[in-house]
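**Student:** Input file: query21.cif. Contents: mmCIF, C-alpha atoms and all ligand atoms.
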data_entry
#
loop_
_atom_site.label_atom_id
_atom_site.label_comp_id
_atom_site.auth_asym_id
_atom_site.auth_seq_id
_atom_site.Cartn_x
_atom_site.Cartn_y
_atom_site.Cartn_z
CA MET A 1 172.05 74.15 -34.86
CA ALA A 2 173.21 73.17 -38.34
CA LYS A 3 171.86 73.52 -41.79
CA PRO A 4 169.61 70.64 -42.86
CA ASP A 5 171.36 67.67 -44.52
CA PHE A 6 168.53 67.10 -46.96
CA TRP A 7 169.33 70.32 -48.84
CA LYS A 8 172.49 68.63 -50.16
CA ASN A 9 173.87 71.92 -51.43
CA SER A 10 176.56 74.44 -50.58
CA LYS A 11 174.14 77.33 -50.18
CA ASN A 12 172.65 78.93 -47.11
CA TYR A 13 169.15 78.23 -48.32
CA TYR A 14 167.23 75.46 -50.09
CA ASP A 15 167.31 76.54 -53.72
CA LEU A 16 165.06 75.16 -56.46
CA LYS A 17 167.90 73.57 -58.44
CA SER A 18 169.01 71.51 -55.43
CA TYR A 19 165.44 70.59 -54.56
CA TRP A 20 164.79 69.23 -58.04
CA ARG A 21 168.10 67.42 -58.21
CA ASN A 22 167.31 65.75 -54.88
CA LEU A 23 163.80 64.85 -56.01
CA PHE A 24 164.50 63.65 -59.56
CA GLY A 25 168.22 62.79 -59.49
CA CYS A 26 168.96 64.93 -62.56
CA SER A 27 168.99 68.54 -63.63
CA VAL A 28 165.56 70.06 -64.14
CA HIS A 29 164.94 73.34 -65.95
CA LYS A 30 161.96 75.62 -66.29
CA LEU A 31 160.90 76.52 -69.82
CA GLN A 32 159.08 79.85 -69.95
CA ILE A 33 155.88 79.85 -71.96
CA ASP A 34 153.58 82.64 -73.06
CA ALA A 35 150.29 80.92 -73.91
CA GLY A 36 148.51 84.17 -74.79
CA PHE A 37 146.63 84.65 -71.52
CA THR A 38 145.49 88.06 -70.28
CA CYS A 39 144.77 89.20 -66.71
CA PRO A 40 141.43 89.93 -64.99
CA ASN A 41 143.14 92.73 -63.07
CA ARG A 42 143.90 94.51 -66.32
CA ASP A 43 140.87 93.82 -68.53
CA GLY A 44 138.20 95.13 -66.15
CA HIS A 45 136.94 91.76 -64.90
CA VAL A 46 138.43 92.47 -61.46
CA ALA A 47 139.95 95.91 -62.08
CA THR A 48 141.61 97.97 -64.78
CA GLY A 49 145.18 99.16 -64.94
CA GLY A 50 146.58 96.15 -63.15
CA CYS A 51 148.98 96.10 -60.21
CA ILE A 52 150.79 99.42 -59.99
CA TYR A 53 154.18 97.83 -60.79
CA CYS A 54 152.95 95.69 -63.72
CA ASP A 55 154.25 96.73 -67.13
CA GLY A 56 151.57 94.80 -69.00
CA ARG A 57 153.90 93.95 -71.88
CA GLY A 58 153.85 90.17 -71.75
CA SER A 59 156.72 88.25 -73.32
CA LYS A 60 159.12 89.49 -76.00
CA LEU A 61 157.48 87.05 -78.43
CA ARG A 62 154.09 88.67 -77.85
CA GLN A 63 155.56 92.15 -78.28
CA GLN A 64 156.92 91.06 -81.64
CA GLY A 65 153.48 89.86 -82.66
CA ILE A 66 154.64 86.25 -82.79
CA LEU A 67 153.22 83.68 -80.41
CA PRO A 68 154.34 80.18 -81.38
CA SER A 69 152.40 77.19 -80.08
CA VAL A 70 153.14 75.82 -76.62
CA ALA A 71 154.91 72.83 -78.20
CA GLU A 72 157.08 75.11 -80.38
CA GLN A 73 158.03 77.26 -77.38
CA ILE A 74 159.07 74.13 -75.47
CA VAL A 75 161.18 72.84 -78.35
CA SER A 76 162.99 76.17 -78.77
CA GLY A 77 163.40 76.62 -74.99
CA LYS A 78 165.12 73.24 -74.69
CA LYS A 79 167.87 74.33 -77.09
CA TYR A 80 169.46 76.40 -74.32
CA TYR A 81 170.12 73.33 -72.19
CA LYS A 82 172.32 70.30 -72.54
CA PRO A 83 170.07 67.32 -73.15
CA GLN A 84 172.00 64.91 -70.88
CA ALA A 85 169.75 63.83 -68.05
CA ALA A 86 167.72 67.02 -68.26
CA LYS A 87 164.01 67.14 -67.53
CA TYR A 88 161.77 70.14 -67.92
CA ILE A 89 158.94 71.95 -66.22
CA ALA A 90 156.69 73.95 -68.55
CA TYR A 91 156.42 77.33 -66.86
CA PHE A 92 153.29 79.25 -67.81
CA GLN A 93 154.58 82.62 -66.74
CA THR A 94 152.96 85.47 -68.65
CA PHE A 95 149.95 87.18 -67.03
CA THR A 96 147.28 84.95 -65.41
CA ASN A 97 147.67 81.40 -66.66
CA THR A 98 144.39 80.00 -65.35
CA TYR A 99 142.27 82.80 -66.85
CA ALA A 100 140.44 80.89 -69.60
CA PRO A 101 137.62 78.35 -69.93
CA ILE A 102 138.46 74.95 -68.49
CA ASP A 103 138.55 73.18 -71.89
CA LYS A 104 141.07 75.70 -73.20
CA LEU A 105 143.22 75.26 -70.10
CA ARG A 106 143.15 71.48 -70.45
CA GLU A 107 144.16 71.72 -74.11
CA ILE A 108 147.11 74.02 -73.35
CA TYR A 109 148.41 72.08 -70.33
CA ASP A 110 147.96 68.73 -72.13
CA GLU A 111 149.99 70.06 -75.05
CA ALA A 112 152.85 70.97 -72.68
CA LEU A 113 152.78 67.65 -70.82
CA ALA A 114 152.82 65.69 -74.08
CA GLN A 115 156.29 67.03 -74.95
CA GLU A 116 159.31 64.80 -74.48
CA ASP A 117 161.04 65.11 -71.08
CA VAL A 118 158.42 67.52 -69.70
CA ILE A 119 157.71 66.16 -66.23
CA GLY A 120 155.43 68.85 -64.92
CA LEU A 121 153.97 72.33 -64.96
CA SER A 122 154.48 75.54 -63.07
CA ILE A 123 151.47 77.81 -63.47
CA GLY A 124 151.62 81.47 -62.53
CA THR A 125 148.27 82.88 -61.50
CA ARG A 126 146.26 85.00 -59.06
CA PRO A 127 144.58 83.80 -55.85
CA ASP A 128 141.16 84.88 -57.20
CA CYS A 129 141.52 82.95 -60.44
CA LEU A 130 141.39 79.31 -59.34
CA GLU A 131 137.83 78.09 -59.65
CA PRO A 132 136.99 74.59 -58.32
CA ASP A 133 137.07 73.05 -61.82
CA VAL A 134 140.61 74.40 -62.34
CA VAL A 135 141.76 73.04 -58.97
CA GLU A 136 140.24 69.68 -59.95
CA LEU A 137 142.05 69.70 -63.30
CA LEU A 138 145.40 70.53 -61.71
CA SER A 139 144.86 67.96 -58.94
CA GLY A 140 144.32 65.33 -61.62
CA TYR A 141 147.66 66.21 -63.25
CA ALA A 142 149.37 66.06 -59.84
CA LYS A 143 148.67 62.31 -59.66
CA LYS A 144 151.11 61.77 -62.51
CA TYR A 145 153.19 64.94 -62.87
CA HIS A 146 155.10 67.47 -60.78
CA ILE A 147 152.79 70.48 -60.53
CA TRP A 148 153.45 73.91 -59.03
CA VAL A 149 150.85 76.64 -58.69
CA GLU A 150 152.53 80.03 -58.36
CA LEU A 151 150.36 82.57 -56.55
CA GLY A 152 151.11 86.27 -56.75
CA LEU A 153 150.50 87.74 -53.31
CA GLN A 154 153.31 90.24 -52.59
CA SER A 155 152.19 91.06 -49.03
CA VAL A 156 149.81 89.68 -46.42
CA HIS A 157 148.70 93.21 -45.50
CA ASP A 158 145.41 94.34 -47.03
CA LYS A 159 146.39 98.02 -46.83
CA THR A 160 149.34 97.24 -49.11
CA LEU A 161 147.32 95.00 -51.44
CA GLN A 162 144.86 97.85 -51.83
CA PHE A 163 147.61 100.40 -52.47
CA ILE A 164 149.25 98.27 -55.15
CA ASN A 165 145.84 97.52 -56.74
CA ARG A 166 146.10 93.74 -56.49
CA GLY A 167 142.32 93.40 -56.74
CA HIS A 168 142.16 90.71 -54.02
CA ASN A 169 142.75 90.58 -50.30
CA PHE A 170 144.68 88.27 -47.98
CA GLN A 171 141.59 86.27 -47.03
CA GLN A 172 141.05 85.31 -50.68
CA PHE A 173 144.66 84.15 -50.87
CA SER A 174 144.34 82.15 -47.67
CA ASP A 175 141.09 80.49 -48.86
CA THR A 176 142.75 79.55 -52.16
CA VAL A 177 145.77 78.03 -50.42
CA ASN A 178 143.39 75.91 -48.35
CA ARG A 179 141.52 74.76 -51.46
CA LEU A 180 144.78 73.84 -53.21
CA THR A 181 146.11 71.91 -50.23
CA GLY A 182 145.84 68.14 -49.92
CA HIS A 183 145.78 67.34 -53.65
CA GLY A 184 149.49 66.79 -54.28
CA LEU A 185 149.94 70.30 -55.68
CA ASN A 186 152.97 72.40 -54.76
CA ILE A 187 152.24 76.02 -53.89
CA CYS A 188 154.77 78.78 -54.54
CA VAL A 189 154.04 82.33 -53.35
CA HIS A 190 155.53 85.53 -54.75
CA ILE A 191 156.34 88.34 -52.34
CA ILE A 192 157.87 91.79 -52.86
CA ILE A 193 160.25 93.52 -50.46
CA GLY A 194 160.31 97.32 -50.60
CA LEU A 195 156.61 98.00 -51.10
CA PRO A 196 155.62 101.61 -50.30
CA GLY A 197 154.36 102.09 -46.75
CA GLU A 198 155.66 98.75 -45.45
CA SER A 199 157.91 98.64 -42.40
CA ASP A 200 160.53 95.95 -41.71
CA LYS A 201 158.03 94.42 -39.30
CA ASP A 202 155.38 94.28 -42.05
CA VAL A 203 157.79 92.36 -44.29
CA LEU A 204 158.64 89.92 -41.51
CA THR A 205 154.95 89.41 -40.74
CA THR A 206 154.41 88.43 -44.38
CA ALA A 207 157.25 85.89 -44.13
CA GLU A 208 156.09 84.51 -40.78
CA THR A 209 152.51 84.19 -41.99
CA LEU A 210 153.57 82.22 -45.07
CA ALA A 211 155.93 80.11 -42.95
CA ALA A 212 152.92 78.97 -40.94
CA MET A 213 150.87 78.06 -44.03
CA PRO A 214 151.05 74.96 -46.29
CA VAL A 215 153.27 76.79 -48.76
CA ASN A 216 156.04 74.79 -50.46
CA GLY A 217 158.04 77.48 -52.21
CA ILE A 218 158.62 81.22 -52.37
CA LYS A 219 159.86 83.82 -54.83
CA ILE A 220 161.22 86.96 -53.20
CA HIS A 221 161.56 90.06 -55.38
CA SER A 222 162.61 93.64 -54.82
CA LEU A 223 160.13 96.26 -55.98
CA LEU A 224 161.05 97.66 -59.40
CA ALA A 225 159.86 100.95 -60.87
CA LEU A 226 159.31 100.52 -64.61
CA GLU A 227 158.48 103.06 -67.30
CA GLY A 228 154.81 103.03 -68.27
CA THR A 229 153.56 101.79 -64.90
CA ALA A 230 151.68 103.68 -62.19
CA LEU A 231 154.56 102.99 -59.81
CA GLY A 232 157.04 104.33 -62.36
CA GLU A 233 155.07 107.58 -62.48
CA MET A 234 155.08 107.81 -58.67
CA TYR A 235 158.84 107.29 -58.68
CA LYS A 236 159.43 109.96 -61.32
CA LYS A 237 157.33 112.45 -59.34
CA GLY A 238 159.33 111.68 -56.18
CA ALA A 239 156.22 110.33 -54.45
CA ILE A 240 157.95 107.09 -53.42
CA THR A 241 161.44 106.05 -52.41
CA MET A 242 162.90 102.79 -53.62
CA ILE A 243 164.51 100.37 -51.19
CA THR A 244 168.32 100.46 -50.96
CA LYS A 245 170.40 97.42 -51.78
CA GLU A 246 171.66 97.19 -48.19
CA LYS A 247 168.12 97.18 -46.86
CA TYR A 248 166.91 94.62 -49.42
CA VAL A 249 169.82 92.29 -48.65
CA SER A 250 169.34 92.58 -44.91
CA LEU A 251 165.55 92.11 -45.05
CA THR A 252 165.86 89.15 -47.43
CA ALA A 253 168.24 87.49 -44.97
CA ASP A 254 165.75 88.20 -42.16
CA VAL A 255 162.95 86.65 -44.22
CA LEU A 256 165.00 83.53 -45.06
CA GLU A 257 165.77 82.99 -41.38
CA VAL A 258 162.08 82.67 -40.49
CA LEU A 259 161.09 80.36 -43.38
CA PRO A 260 160.89 76.62 -42.70
CA PRO A 261 163.79 74.40 -43.87
CA GLU A 262 161.70 72.53 -46.44
CA MET A 263 160.38 75.67 -48.16
CA VAL A 264 162.03 75.91 -51.58
CA ILE A 265 163.54 79.29 -52.43
CA GLN A 266 162.73 79.76 -56.09
CA ARG A 267 164.01 83.32 -56.55
CA LEU A 268 165.74 86.10 -54.64
CA THR A 269 165.91 88.78 -57.33
CA ALA A 270 163.54 90.63 -59.63
CA ASP A 271 163.38 90.83 -63.41
CA GLY A 272 162.40 93.84 -65.48
CA TYR A 273 162.82 94.70 -69.14
CA ARG A 274 166.00 96.77 -69.50
CA ASP A 275 164.46 99.31 -71.88
CA ILE A 276 161.80 100.37 -69.36
CA PHE A 277 163.84 99.93 -66.18
CA LEU A 278 163.81 103.04 -63.97
CA ALA A 279 164.89 102.05 -60.44
CA PRO A 280 166.49 100.93 -58.21
CA ASP A 281 169.68 100.90 -60.21
CA TRP A 282 171.38 98.25 -58.05
CA ALA A 283 168.66 95.70 -58.93
CA ARG A 284 169.91 95.56 -62.54
CA ASN A 285 172.84 93.42 -61.38
CA LYS A 286 171.10 90.26 -60.20
CA LEU A 287 174.31 88.32 -59.64
CA ASP A 288 175.64 91.03 -57.35
CA VAL A 289 172.37 91.01 -55.38
CA LEU A 290 172.53 87.22 -54.98
CA ASN A 291 176.17 87.35 -53.90
CA SER A 292 175.38 90.10 -51.42
CA ILE A 293 172.56 88.03 -49.85
CA ASN A 294 174.91 85.05 -49.55
CA ARG A 295 177.61 87.24 -48.00
CA GLU A 296 175.11 88.67 -45.53
CA LEU A 297 174.02 85.19 -44.44
CA GLU A 298 177.68 84.13 -44.12
CA ARG A 299 178.47 87.25 -42.10
CA ARG A 300 175.62 86.43 -39.72
CA GLY A 301 176.63 82.76 -39.58
CA SER A 302 173.05 82.21 -40.59
CA TYR A 303 170.82 80.49 -43.12
CA GLN A 304 167.21 79.81 -44.04
CA ALA A 305 165.21 78.36 -41.12
CA LYS A 306 167.62 79.64 -38.51
CA HIS A 307 164.63 80.30 -36.27
CA TYR A 308 163.63 76.63 -36.36
CA GLY A 309 166.34 75.54 -33.98
CA ILE A 310 167.54 72.71 -36.20
CA THR A 311 170.11 70.37 -34.68
CA PRO A 312 172.71 68.38 -36.58
S1 LIG A 401 148.10 90.06 -61.45
FE1 LIG A 401 150.04 89.87 -62.54
S2 LIG A 401 149.56 90.19 -64.72
FE2 LIG A 401 147.79 90.88 -63.52
S3 LIG A 401 148.12 93.08 -63.27
FE3 LIG A 401 149.00 92.08 -61.45
S4 LIG A 401 151.16 91.72 -61.95
FE4 LIG A 401 150.09 92.19 -63.89
#
Can you present the structure in this file as structure tokens?
Ligand code: SF4
**Tutor:**
Amino acid sequence: MAKPDFWKNSKNYYDLKSYWRNLFGCSVHKLQIDAGFTCPNRDGHVATGGCIYCDGRGSKLRQQGILPSVAEQIVSGKKYYKPQAAKYIAYFQTFTNTYAPIDKLREIYDEALAQEDVIGLSIGTRPDCLEPDVVELLSGYAKKYHIWVELGLQSVHDKTLQFINRGHNFQQFSDTVNRLTGHGLNICVHIIIGLPGESDKDVLTTAETLAAMPVNGIKIHSLLALEGTALGEMYKKGAITMITKEKYVSLTADVLEVLPPEMVIQRLTADGYRDIFLAPDWARNKLDVLNSINRELERRGSYQAKHYGITP
């Protein structure tokens, strides 16, 4: 057993940076965009209140009452990167980025793809917000561009999805993955480790289920309690306990071991606005969390896809 050669990196998992460098032969960066979308799980279309951990604040730009055009956000985002050999993916991140009429979506995505050195899109959305016309639009882009659809799921267990008020179930997610498959689209799924009521086995079942599906990438987050959220209130009342760093690190390593070698690991830490951050305290230091996961994999002599019996 050895780690796969095609990763061409020094890590114990197939990270997004390495994947893009292997695919495009240059550095590729994501540029975060807030295109002014809302969410059907917050505005009453599916539910109100949103997922119990969702702060509902949107981007800093939106909070400040300024929302520049997509093109302007791309131009200012590029300033953080060295231009040499860099390509960009326009990352529609804030709220549900397919929640608008099809003509509006086309206009927004076209604007992003028309920008210099933008080679694709990454679109964050919900499994219940990808109507056939949207899938058709994205499939059309995939013929020419590098397209990711990022699906929030968090857990494959309906009892958990209900508890966290996701407003959809696993079957809806599975149906959507099937509809997205076979059109050249890349699917990335978000999961959370540390959800209330979930055992270690539940977390591993989520990972194993996704490993068996046509999923190309994953973002793994720890659960965060934020001020102003339903989960934050539960935390303050002592109704829930947050996962410890040791447990998160160990479970993340377990999850990585059961994921296939070609699945791209897009994230291993969570992000939350510092001014509303409640817990767990250790999750504030993302670098330390990443280093701890790497150390744990080293200690085990292990890596992503360990369970696949890869040979040199
Ligand atoms: S689907 Fe996303 S944006 Fe909508 S409520 Fe849940 S976390 Fe918030």
**Student:** Can you tell me which residues surround region 138-154 of chain A at a distance of at most 6 Å, considering all atoms listed in the file, apart from same-chain residues fewer than 5 positions away, and format the answer as a VMD selection string?
**Tutor:** chain A and resid 119 to 127 183 to 192
**Student:** Could you tell me how far CA of Lys247 (chain A) lies from CA of Gly167 (chain A), in Å and to one decimal?
**Tutor:**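 Going from CA of Lys247 (chain A) over to CA of Gly167 (chain A), I get 27.9 Å.
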**Student:** Could you list, as a list of chain:residue names, all residues that come within 8 Å of ligand LIG 401 (chain A)? Count all atoms listed in the file.
**Tutor:**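 Protein and nucleic-acid residues within 8 Å of ligand LIG 401 (chain A): A:Thr38, A:Cys39, A:Pro40, A:Asn41, A:Arg42, A:Gly49, A:Gly50, A:Cys51, A:Ile52, A:Tyr53, A:Cys54, A:Asp55, A:Gly56, A:Thr94, A:Phe95, A:Thr96, A:Thr125, A:Arg126, A:Gly152, A:Asn165, A:Arg166.
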**Student:** Within 8 Å of Ala90 (chain A), counting all atoms listed in the file, which residues show up once you throw out same-chain ones fewer than 5 positions away? Write them as a list in words, please.
**Tutor:**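 Counting only the stated atoms, we get Lys30, Leu31, Gln32, Ile33, Ile74, Ala112, Leu113, Val118, Gly120, Leu121 and Ser122 of chain A.
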**Student:** If you keep C-alpha atoms, can you produce a file of those selected residues as a PDB file, keeping the file's coordinate frame?
**Tutor:**
ATOM      1  CA  LYS A  30     161.960  75.620 -66.290  1.00  0.00           C
ATOM      2  CA  LEU A  31     160.900  76.520 -69.820  1.00  0.00           C
ATOM      3  CA  GLN A  32     159.080  79.850 -69.950  1.00  0.00           C
ATOM      4  CA  ILE A  33     155.880  79.850 -71.960  1.00  0.00           C
ATOM      5  CA  ILE A  74     159.070  74.130 -75.470  1.00  0.00           C
ATOM      6  CA  ALA A 112     152.850  70.970 -72.680  1.00  0.00           C
ATOM      7  CA  LEU A 113     152.780  67.650 -70.820  1.00  0.00           C
ATOM      8  CA  VAL A 118     158.420  67.520 -69.700  1.00  0.00           C
ATOM      9  CA  GLY A 120     155.430  68.850 -64.920  1.00  0.00           C
ATOM     10  CA  LEU A 121     153.970  72.330 -64.960  1.00  0.00           C
ATOM     11  CA  SER A 122     154.480  75.540 -63.070  1.00  0.00           C
TER      12      SER A 122
END
**Student:** Would you compute the distance between CA of Thr48 (chain A) and CA of Ala225 (chain A)? Give it in Å to one decimal.
**Tutor:**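 We find that CA of Thr48 (chain A) and CA of Ala225 (chain A) lie 18.9 Å from each other.
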**Student:** As a list in words, please: the residues near Thr205 (chain A) (cut-off 9 Å, all atoms listed in the file, same-chain neighbours under 5 positions excluded).
**Tutor:** Ser155, Val156, His157, Asp200 and Leu210 of chain A
**Student:** Select, from A:Gly272, A:Pro261, A:Pro83, A:Gly232, the residue with the minimum atom-to-atom distance to Tyr14 (chain A), counting all atoms listed in the file.
**Tutor:**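 Using all atoms listed in the file, Tyr14 (chain A) sits closest to A:Pro261.
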**Student:** Taking all atoms listed in the file into account, name the residue in A:Ile164, A:Met213, A:Ile193, A:Ile102 that is nearest to Thr176 (chain A).
**Tutor:**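 Nearest to Thr176 (chain A): A:Met213.
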**Student:** How far is it from CA of Pro68 (chain A) to CA of Phe277 (chain A), in Å with one decimal?
**Tutor:**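 Computing it gives 26.7 Å between the two atoms.
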**Student:** Could you check which residues have any atom within 12 Å of (154.6, 86.5, -79.7), counting all atoms listed in the file with coordinates taken straight from the file, and then list them as a PyMOL selection string?
**Tutor:** chain A and resi 33-37+57-70+72-73+94
**Student:** Please provide as a list of chain:residue names all residues within 10 Å of Leu259 (chain A), with the sequence filter that same-chain residues fewer than 4 positions apart are discarded (counting only C-alpha atoms).
**Tutor:**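 Non-adjacent residues within range: A:Tyr13, A:Ala207, A:Glu208, A:Thr209, A:Leu210, A:Ala211, A:Ala212, A:Gly217, A:Ile218, A:Asp254, A:Val255, A:Met263, A:Val264, A:Ile265, A:Tyr303, A:Gln304, A:Ala305, A:Lys306, A:His307, A:Tyr308.
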